[in-house]
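Peer 1: The structure is given below, and queries will be raised subsequently.
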Amino acid sequence: MKGFKPSAPFLLLLPAMIVLAAVVVVPLLLSLYSSFTPFRLTRPETFYVFIGIRNYLSILSNTDFWWAFGRTVLLLTIALNLEMLLGLGLAMLVEKATRGQRILRTLMMFPMMFSPILVGFQFKFMFNDNIGLVNNALQSLGITQDAIPWLIEGHLAFIAISIAEIWSSTAIFAILILAGLLAMPKEPIEAARVDGCTPWQTFRYVTWPFVMPFAYIAMTIRSLDVARAYDIVKIMTDGGPAGRTELLWTLVARTAYSDGRMGMANAMAYFSILLSIAFTVYFFNKLAAARTQIGAEW
Amino acid sequence: MATVTLTKLTKRYGNIGIVHGIDLDIADREFIALVGPSGCGKSTTLRMIAGLEEISAGSIEIGGRIVNDLPPRSRNISMVFQSYALYPHMTVRENLGFSLKIAGAAKEDMVRRVAEASAILGLDMLLDRRPSQLSGGQRQRVAMGRAIVRDPDVFLFDEPLSNLDAKLRTQMRTEIKKLHAKVQSTVIYVTHDQVEAMTLADRIVIMRDGHIEQVGTPDEVFRRPATRFVAGFIGSPPMNLHEATIDDGQMVFASGEKLPLPAQFKANVTTGDKVVFGLRPDDIYPTGHGISSGGAADVHQIELPITVTEPLGNETLVFVEFNGTDWVSRMLNPRPLRPGERVAMSLDMSQAHLFATETGKTLRS
């Protein structure tokens, strides 16, 4: 070590680098490495068998994986779109409130304050075919006499999960869009009214372009959220019935912990992250475009 | 092109009255300025005409049609806002053409009218920029362009120049005047700046606390203010106003100083009346250094001590002490004066104003 004199900045950064390496870089590299092995939790020696990209190749031909992948994208599309519509509606209603707006805003955030696990349990109870609130209400109102198998039939289960997801997170859209509406100067809206716009045209041509960046921020946050959806599904259906509500991360978790195929699970996880990155890049581009368009100064 | 008639126009928020039943007839192609201090109801009145504010009582007619319950888009008006209110996500061209697009105008028609407006306002070089890339004056021109593109019955201006710096304001003022000469339509212009009102308007409406104090041409409101408020509001520097009591053809001020009663008011006051005496800075001047207006028939000479002078080059504002306060006088062809010096002042009493203290109304018959 004679003659090795590390520079001061290097020395000062060293503790941070060591911590980062220990908690982020090394685990990340290990998991990446294990995705190139047939590593099984039950057979530790398999960790040292290098099989190249065989795991990735088998993912490509794994129909269960692609179903889960497709289902996740579908859930993302449905949840994000409905959340945005509902959030926009909520935000516009709350913005109109002249008094009690603060209380309404707080109330609106309530669903976000609950742990997703609890939301899962609550909706599992509500959608229970025998004792659930939903069937009870439908029957009492005379809409149906049957016990609708909400969590047992594949499509219905997917709908139930979407509803739980939307219920718990619409507030993110509502809050961010409301922030946009409140930040928006009022004069362009009045100018539009004088310029001959109907209320719908005012919204379409003036209000919406202005709140769009805020909606994209919410989209970015929520797309990451939904792409890693796990807890609500785990509790409500655990991917069932017969894998009909299996999403990417429930599949990854099952592969890793139930089947013990850690190497394969890691390969799936790395593949899934691509999805999240793709959505983030997409929405950030949209956001940047929308910001330039309204000449935002933030 | 249209007349605008306000009848008993009233605005209340709950129990608080903002505009108290004003009546106003605006002729076709007239340039009307609504002027007054903040909170006098002028902007609210304009917004009621625009339809952006509901009216509590009374009626508004535009071109003979009652528009009380029509939404802004059905009134065929256009409005220029204080903050310009451009659409930030549209280019200048799109901003100008937006109302035409909404109205479903034909493409060629739209292109032609945008080009016309852009030519009038000199916006040709800026058509593809967005509002955030424009300076304040340019934004203001776009806002005006957006208004004229529609060829509306009535133009409404809501303090359009108050966000501009002083130099640009003067320049834009001239442009607005030229614009009105070109497009020849009815204009209602709200401002708190009496200079803008005086320079632009055919008639000025002076408002205060939701009431109209006086309606008149710039000359009328300047020369014959109907109330003490108008007298103090119009003119810069403002008119000197002092309370006095009439005593046998003389005005006695609080300090005991006396001035003769102006001849034109002699018939209208009697001993014991409380009055407010007003004289514009132009009508008090160091003897030999003023505008000898009105033939200078009724000039009163008085010697007063100087407190401060403010030289402005071609003229100097001289503050002299009278009745315990400063009186502003305008000295033309200035000569050096020192504070404390007593100088002979000429008071042109033929130009004096007298108001009843209690009602604030003029005592001119």
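Following the order of the structure tokens, first chain is A, next is B, and so on, with residues numbered from 1 inside each chain and ligands from 1 in the order they appear.
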Would you kindly return, as a list in words, each protein, DNA or RNA residue with an atom no farther than 8 Å from any atom of segment 87-93 of chain B, considering only C-alpha atoms and excluding same-chain residues fewer than 5 positions away?
Peer 2: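 The contact residues come out as Pro188, Val206, Pro209, Phe210, Gln293, Ile294 and Gly295 of chain A; Val114, Leu126, Leu127, Asp128, Arg129, Arg130, Pro131, Ser132 and Val142 of chain B.
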Peer 1: Please find the residues of chain B near chain A - the criterion being any atom within 9 Å, counting only C-alpha atoms - and write them as number ranges by chain.
Peer 2: B: 50-52, 71-90, 98-100, 102-103, 130-133, 146-147, 150
Peer 1: Let's have the selection written as a short mmCIF file (atom, residue, chain, number, x, y, z; two decimals), in the first residue's frame, with C-alpha atoms.
Peer 2:
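As written to disk, part-v5.cif reads:
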data_model
loop_
_atom_site.label_atom_id
_atom_site.label_comp_id
_atom_site.auth_asym_id
_atom_site.auth_seq_id
_atom_site.Cartn_x
_atom_site.Cartn_y
_atom_site.Cartn_z
CA ALA B 50 -69.54 40.40 -19.78
CA GLY B 51 -71.77 37.86 -18.08
CA LEU B 52 -68.97 36.56 -15.86
CA PRO B 71 -74.06 33.26 -20.84
CA PRO B 72 -71.00 35.27 -21.93
CA ARG B 73 -70.70 33.35 -25.19
CA SER B 74 -74.14 34.51 -26.35
CA ARG B 75 -73.53 38.21 -25.79
CA ASN B 76 -71.16 38.84 -28.69
CA ILE B 77 -68.66 40.73 -26.61
CA SER B 78 -64.95 40.35 -26.24
CA MET B 79 -62.86 41.14 -23.27
CA VAL B 80 -59.25 42.04 -22.57
CA PHE B 81 -58.10 41.08 -19.10
CA GLN B 82 -55.62 42.73 -16.79
CA SER B 83 -53.51 39.57 -16.69
CA TYR B 84 -53.91 39.08 -20.48
CA ALA B 85 -55.48 35.64 -19.86
CA LEU B 86 -53.86 34.12 -22.92
CA TYR B 87 -54.14 30.37 -23.37
CA PRO B 88 -50.65 29.25 -22.33
CA HIS B 89 -50.66 26.04 -24.36
CA MET B 90 -51.55 27.69 -27.66
CA PHE B 98 -59.48 30.21 -30.92
CA SER B 99 -62.83 31.99 -30.76
CA LEU B 100 -63.30 31.51 -34.50
CA ILE B 102 -65.04 27.46 -31.42
CA ALA B 103 -67.60 29.28 -33.52
CA ARG B 130 -46.25 30.74 -27.20
CA PRO B 131 -47.35 33.33 -24.63
CA SER B 132 -44.51 32.35 -22.29
CA GLN B 133 -42.05 33.51 -24.98
CA ARG B 146 -57.89 38.00 -29.70
CA ALA B 147 -60.58 40.53 -28.91
CA ARG B 150 -64.17 38.23 -33.29
#
Peer 1: Would you list, as a PyMOL selection string, the residues of segment 124-359 of chain B that end up in helix (DSSP H, G or I) under DSSP run on this structure's backbone?
Peer 2: chain B and resi 124-126+131-133+136-149+166-183+194-200+218-223+228-233+263-268+281-283+293-296+349-351
Peer 1: For Ile177 of chain A, work out the shell of residues within 12 Å, counting only C-alpha atoms and skipping chain neighbours fewer than 5 positions away, then give it as a PyMOL selection string.
Peer 2: chain A and resi 83-95+105+170-172+182-184+207-219
Peer 1: What's the 7 Å shell around segment 158-165 of chain A, counting only C-alpha atoms, without same-chain residues fewer than 3 positions away, as a ChimeraX atom specification?
Peer 2: /A:75,79,123,150,154-155,168-169,233,245
Peer 1: Selection from above, C-alpha atoms, as a PDB file, in the first residue's frame, can you write it?
Peer 2:
ATOM      1  CA  LEU A  75     -55.042  -4.021 -14.662  1.00  0.00           C
ATOM      2  CA  ALA A  79     -57.078   1.077 -13.021  1.00  0.00           C
ATOM      3  CA  PHE A 123     -62.790  -6.001   0.008  1.00  0.00           C
ATOM      4  CA  TRP A 150     -67.281 -12.445  -6.954  1.00  0.00           C
ATOM      5  CA  GLY A 154     -62.054 -15.464 -12.864  1.00  0.00           C
ATOM      6  CA  HIS A 155     -63.437 -12.323 -14.593  1.00  0.00           C
ATOM      7  CA  SER A 168     -57.619   2.766  -2.553  1.00  0.00           C
ATOM      8  CA  SER A 169     -55.751   5.010  -4.962  1.00  0.00           C
ATOM      9  CA  VAL A 233     -54.325  -9.577  -4.906  1.00  0.00           C
ATOM     10  CA  THR A 245     -55.928 -13.259 -11.262  1.00  0.00           C
TER      11      THR A 245
END
Peer 1: Find the spatial neighbours of segment 298-307 of chain B, counting only C-alpha atoms, within a cut-off of 12 Å - ignore same-chain residues fewer than 5 positions away - and output them as a ChimeraX atom specification.
Peer 2: /B:257-264,283-288,290-293,317-329,336-352
Peer 1: Would you export the selected residues with N, CA and C atoms as a tab-separated table (two decimals), in the first residue's frame, please?
Peer 2:
chain	number	residue	atom	x	y	z
B	257	GLU	N	-57.80	82.10	8.16
B	257	GLU	CA	-57.49	82.80	6.91
B	257	GLU	C	-58.78	82.97	6.10
B	258	LYS	N	-58.82	84.03	5.31
B	258	LYS	CA	-60.04	84.32	4.56
B	258	LYS	C	-59.73	84.49	3.08
B	259	LEU	N	-60.69	84.11	2.25
B	259	LEU	CA	-60.60	84.38	0.82
B	259	LEU	C	-61.96	84.89	0.37
B	260	PRO	N	-61.97	85.75	-0.65
B	260	PRO	CA	-63.27	86.23	-1.14
B	260	PRO	C	-64.05	85.10	-1.81
B	261	LEU	N	-65.36	85.13	-1.71
B	261	LEU	CA	-66.21	84.12	-2.35
B	261	LEU	C	-66.16	84.31	-3.86
B	262	PRO	N	-65.89	83.24	-4.63
B	262	PRO	CA	-65.86	83.38	-6.09
B	262	PRO	C	-67.20	83.90	-6.59
B	263	ALA	N	-67.15	84.81	-7.54
B	263	ALA	CA	-68.35	85.51	-8.00
B	263	ALA	C	-69.43	84.55	-8.48
B	264	GLN	N	-69.01	83.46	-9.15
B	264	GLN	CA	-70.00	82.58	-9.77
B	264	GLN	C	-70.83	81.81	-8.74
B	283	ASP	N	-54.45	76.81	-11.29
B	283	ASP	CA	-55.11	78.08	-11.06
B	283	ASP	C	-54.56	78.82	-9.84
B	284	ILE	N	-53.50	78.27	-9.27
B	284	ILE	CA	-52.75	78.99	-8.24
B	284	ILE	C	-51.32	79.04	-8.76
B	285	TYR	N	-50.75	80.20	-8.85
B	285	TYR	CA	-49.37	80.22	-9.36
B	285	TYR	C	-48.67	81.47	-8.84
B	286	PRO	N	-47.37	81.35	-8.71
B	286	PRO	CA	-46.63	82.56	-8.35
B	286	PRO	C	-46.91	83.62	-9.41
B	287	THR	N	-47.30	84.79	-8.98
B	287	THR	CA	-47.78	85.82	-9.89
B	287	THR	C	-46.83	86.00	-11.08
B	288	GLY	N	-47.43	85.92	-12.28
B	288	GLY	CA	-46.65	86.08	-13.50
B	288	GLY	C	-46.09	84.78	-14.04
B	290	GLY	N	-48.01	81.68	-14.43
B	290	GLY	CA	-49.05	80.66	-14.56
B	290	GLY	C	-49.78	80.75	-15.88
B	291	ILE	N	-50.79	79.88	-16.02
B	291	ILE	CA	-51.66	79.98	-17.17
B	291	ILE	C	-52.74	80.98	-16.76
B	292	SER	N	-52.79	82.12	-17.39
B	292	SER	CA	-53.83	83.07	-16.98
B	292	SER	C	-55.12	82.71	-17.68
B	293	SER	N	-55.75	81.66	-17.16
B	293	SER	CA	-56.94	81.14	-17.81
B	293	SER	C	-58.16	82.00	-17.49
B	317	LEU	N	-43.56	72.25	-9.49
B	317	LEU	CA	-44.66	72.21	-8.54
B	317	LEU	C	-44.20	72.92	-7.27
B	318	VAL	N	-44.94	73.93	-6.89
B	318	VAL	CA	-44.59	74.72	-5.72
B	318	VAL	C	-45.60	74.44	-4.63
B	319	PHE	N	-45.12	74.05	-3.46
B	319	PHE	CA	-46.02	73.79	-2.33
B	319	PHE	C	-45.98	74.99	-1.41
B	320	VAL	N	-47.14	75.61	-1.25
B	320	VAL	CA	-47.21	76.77	-0.36
B	320	VAL	C	-48.13	76.45	0.80
B	321	GLU	N	-47.86	77.09	1.92
B	321	GLU	CA	-48.66	76.76	3.10
B	321	GLU	C	-49.89	77.63	3.16
B	322	PHE	N	-51.04	76.97	3.26
B	322	PHE	CA	-52.29	77.70	3.41
B	322	PHE	C	-53.20	76.89	4.32
B	323	ASN	N	-53.82	77.52	5.25
B	323	ASN	CA	-54.77	76.87	6.14
B	323	ASN	C	-54.15	75.66	6.83
B	324	GLY	N	-52.86	75.76	7.17
B	324	GLY	CA	-52.21	74.70	7.94
B	324	GLY	C	-51.77	73.50	7.12
B	325	THR	N	-52.09	73.48	5.80
B	325	THR	CA	-51.62	72.35	4.98
B	325	THR	C	-50.92	72.88	3.74
B	326	ASP	N	-50.41	71.93	2.94
B	326	ASP	CA	-49.73	72.35	1.73
B	326	ASP	C	-50.71	72.49	0.58
B	327	TRP	N	-50.52	73.54	-0.16
B	327	TRP	CA	-51.29	73.78	-1.36
B	327	TRP	C	-50.36	73.54	-2.54
B	328	VAL	N	-50.80	72.78	-3.52
B	328	VAL	CA	-49.93	72.56	-4.68
B	328	VAL	C	-50.23	73.63	-5.71
B	329	SER	N	-49.18	74.20	-6.25
B	329	SER	CA	-49.40	75.14	-7.34
B	329	SER	C	-48.43	74.80	-8.46
B	336	PRO	N	-36.11	80.43	-9.68
B	336	PRO	CA	-35.68	79.80	-8.43
B	336	PRO	C	-36.45	80.35	-7.23
B	337	LEU	N	-36.88	79.44	-6.37
B	337	LEU	CA	-37.58	79.84	-5.15
B	337	LEU	C	-36.96	79.07	-4.00
B	338	ARG	N	-36.89	79.69	-2.85
B	338	ARG	CA	-36.33	78.99	-1.69
B	338	ARG	C	-37.43	78.68	-0.69
B	339	PRO	N	-37.36	77.51	-0.06
B	339	PRO	CA	-38.32	77.21	1.00
B	339	PRO	C	-38.27	78.28	2.09
B	340	GLY	N	-39.41	78.64	2.59
B	340	GLY	CA	-39.48	79.66	3.63
B	340	GLY	C	-39.73	81.05	3.07
B	341	GLU	N	-39.37	81.24	1.80
B	341	GLU	CA	-39.56	82.52	1.14
B	341	GLU	C	-41.06	82.80	0.98
B	342	ARG	N	-41.48	84.03	1.19
B	342	ARG	CA	-42.89	84.36	0.97
B	342	ARG	C	-43.02	84.93	-0.43
B	343	VAL	N	-43.94	84.37	-1.22
B	343	VAL	CA	-44.08	84.87	-2.58
B	343	VAL	C	-45.52	85.30	-2.83
B	344	ALA	N	-45.67	86.19	-3.78
B	344	ALA	CA	-47.01	86.63	-4.17
B	344	ALA	C	-47.63	85.56	-5.05
B	345	MET	N	-48.80	85.04	-4.66
B	345	MET	CA	-49.48	84.01	-5.43
B	345	MET	C	-50.74	84.60	-6.05
B	346	SER	N	-51.04	84.14	-7.29
B	346	SER	CA	-52.29	84.54	-7.93
B	346	SER	C	-53.27	83.38	-7.85
B	347	LEU	N	-54.45	83.65	-7.34
B	347	LEU	CA	-55.51	82.64	-7.28
B	347	LEU	C	-56.58	83.02	-8.29
B	348	ASP	N	-56.73	82.16	-9.32
B	348	ASP	CA	-57.73	82.48	-10.34
B	348	ASP	C	-59.10	82.01	-9.86
B	349	MET	N	-59.83	82.92	-9.19
B	349	MET	CA	-61.08	82.54	-8.55
B	349	MET	C	-62.17	82.18	-9.55
B	350	SER	N	-62.01	82.63	-10.82
B	350	SER	CA	-63.03	82.28	-11.81
B	350	SER	C	-63.01	80.78	-12.09
B	351	GLN	N	-61.91	80.13	-11.77
B	351	GLN	CA	-61.79	78.69	-12.00
B	351	GLN	C	-62.05	77.89	-10.73
B	352	ALA	N	-62.42	78.56	-9.66
B	352	ALA	CA	-62.59	77.87	-8.38
B	352	ALA	C	-63.83	76.99	-8.38
